[in-house]
Amino acid sequence: MLHVPILAAKECQLFYEYWRELKGDDPLPKRSQLKPADVKTLLPFMSVVEHIPERQSAKFRLLGTAVEERFGKNFAGQEMPIGEEFQARNAMAHMLANVFSLPCGCRVVVEEEYRTMRKGVVESINLPFAGPDGQARFAISVAKQISEYIRDLTEERGLEGQNVFEYDYMDIGFGVPNKNDLPDSIRAVSF
């Protein structure tokens, strides 16, 4: 049974609808089905992460320009460990491991604080895509800032930290992990 999320950002909603269209009656859409021309307006907000199971890691393959601006750097090509020992310390590793293993979708709302002391609230939707073997190999997300407030008007220099406000796993036909499985100790992430 598909769980339909309530999404604040229209970009997240559009991506979810596109993913559902690609999925059709298949368990997961294949990464090769995603056509950039179909989601042209979403590309700045999109990131692509590939699961590397033999290394228990996730490799950032692509970051849209808006994502890169928020983080203050492009970390495409970098790997992040997502093994059990890292899931206990890193919210993103924890959620990506679940998206790949079940698979399931995930909606996350975070407050981001930038080095300039500016803060913003960002909503993201993270959805699994299959590789050629039909297994969940990619997590593609769209993340859009849904509110902003400023404490200091100095030049922005990238992300300082994130606080996870909300996260919801989305049942796409394989179940979802226990919603309370994200330890409070990893709700805040520093960069």
# chains A, B, ... in the order shown; residues from 1 in each chain; ligands from 1
>>> residues_around(residues="range 134-144 of chain A", least_positions_apart="4", cutoff="9 Å", atoms="only C-alpha atoms", output="ChimeraX atom specification")
/A:9-12,15,27-31,42-53,58,66-67,96,99-103,105,108,121-130
>>> write_last_selection(atoms="C-alpha atoms", output="PDB file, in the first residue's frame")
ATOM      1  CA  ALA A   9       6.912  22.324  -1.008  1.00  0.00           C
ATOM      2  CA  LYS A  10       5.300  22.064  -4.428  1.00  0.00           C
ATOM      3  CA  GLU A  11       8.650  20.844  -5.821  1.00  0.00           C
ATOM      4  CA  CYS A  12       8.560  17.867  -3.437  1.00  0.00           C
ATOM      5  CA  PHE A  15       8.731  14.908  -7.668  1.00  0.00           C
ATOM      6  CA  PRO A  27       7.935  -2.337  -7.307  1.00  0.00           C
ATOM      7  CA  LEU A  28      10.336   0.575  -7.968  1.00  0.00           C
ATOM      8  CA  PRO A  29      11.051   2.843 -10.921  1.00  0.00           C
ATOM      9  CA  LYS A  30      14.453   2.310 -12.511  1.00  0.00           C
ATOM     10  CA  ARG A  31      17.010   5.117 -12.345  1.00  0.00           C
ATOM     11  CA  LEU A  42      13.273  20.329 -10.127  1.00  0.00           C
ATOM     12  CA  LEU A  43      16.926  19.779 -11.108  1.00  0.00           C
ATOM     13  CA  PRO A  44      18.356  22.629  -8.959  1.00  0.00           C
ATOM     14  CA  PHE A  45      16.768  21.024  -5.861  1.00  0.00           C
ATOM     15  CA  MET A  46      17.676  17.425  -6.680  1.00  0.00           C
ATOM     16  CA  SER A  47      20.422  15.158  -5.405  1.00  0.00           C
ATOM     17  CA  VAL A  48      21.273  11.613  -6.424  1.00  0.00           C
ATOM     18  CA  VAL A  49      22.886   9.190  -3.980  1.00  0.00           C
ATOM     19  CA  GLU A  50      24.014   5.691  -4.987  1.00  0.00           C
ATOM     20  CA  HIS A  51      24.069   2.793  -2.540  1.00  0.00           C
ATOM     21  CA  ILE A  52      27.428   0.970  -2.517  1.00  0.00           C
ATOM     22  CA  PRO A  53      26.452  -2.134  -0.494  1.00  0.00           C
ATOM     23  CA  ALA A  58      26.311   5.909  -0.084  1.00  0.00           C
ATOM     24  CA  ALA A  66      20.295  25.038  -5.065  1.00  0.00           C
ATOM     25  CA  VAL A  67      21.506  22.126  -2.905  1.00  0.00           C
ATOM     26  CA  LEU A  96      19.405   6.416   3.780  1.00  0.00           C
ATOM     27  CA  VAL A  99      15.411   3.904   2.255  1.00  0.00           C
ATOM     28  CA  PHE A 100      17.771   1.399   0.607  1.00  0.00           C
ATOM     29  CA  SER A 101      17.084  -1.651   2.793  1.00  0.00           C
ATOM     30  CA  LEU A 102      13.274  -1.861   2.856  1.00  0.00           C
ATOM     31  CA  PRO A 103      13.000   0.084   0.462  1.00  0.00           C
ATOM     32  CA  GLY A 105      10.486   6.710   0.941  1.00  0.00           C
ATOM     33  CA  VAL A 108      12.267  15.130   6.215  1.00  0.00           C
ATOM     34  CA  VAL A 121      13.498  25.391   7.123  1.00  0.00           C
ATOM     35  CA  VAL A 122      13.946  22.836   4.339  1.00  0.00           C
ATOM     36  CA  GLU A 123      11.612  20.020   3.332  1.00  0.00           C
ATOM     37  CA  SER A 124      12.930  17.057   1.364  1.00  0.00           C
ATOM     38  CA  ILE A 125      11.455  13.928  -0.104  1.00  0.00           C
ATOM     39  CA  ASN A 126      13.795  10.981  -0.634  1.00  0.00           C
ATOM     40  CA  LEU A 127      12.657   8.166  -2.909  1.00  0.00           C
ATOM     41  CA  PRO A 128      14.325   4.906  -3.977  1.00  0.00           C
ATOM     42  CA  PHE A 129      15.089   4.034  -7.586  1.00  0.00           C
ATOM     43  CA  ALA A 130      16.203   0.619  -8.818  1.00  0.00           C
TER      44      ALA A 130
END
>>> atom_distance(atom1="CA of Glu21 in chain A", atom2="CA of Phe165 in chain A")
29.0 Å
>>> atom_distance(atom1="CA of Phe174 in chain A", atom2="CA of Asn98 in chain A")
11.2 Å
>>> closest_residue(among="A:Asn163, A:Ser57, A:Gln145, A:Gln13", to="Glu85 in chain A", atoms="only C-alpha atoms")
A:Ser57
>>> closest_residue(among="A:Pro36, A:Gly161, A:Pro132, A:Pro81", to="Glu54 in chain A", atoms="only C-alpha atoms")
A:Pro81
>>> atom_distance(atom1="CA of Arg61 in chain A", atom2="CA of Tyr16 in chain A")
20.0 Å
>>> closest_residue(among="A:Lys23, A:Thr41, A:Phe86, A:Glu111", to="Gly64 in chain A", atoms="only C-alpha atoms")
A:Thr41
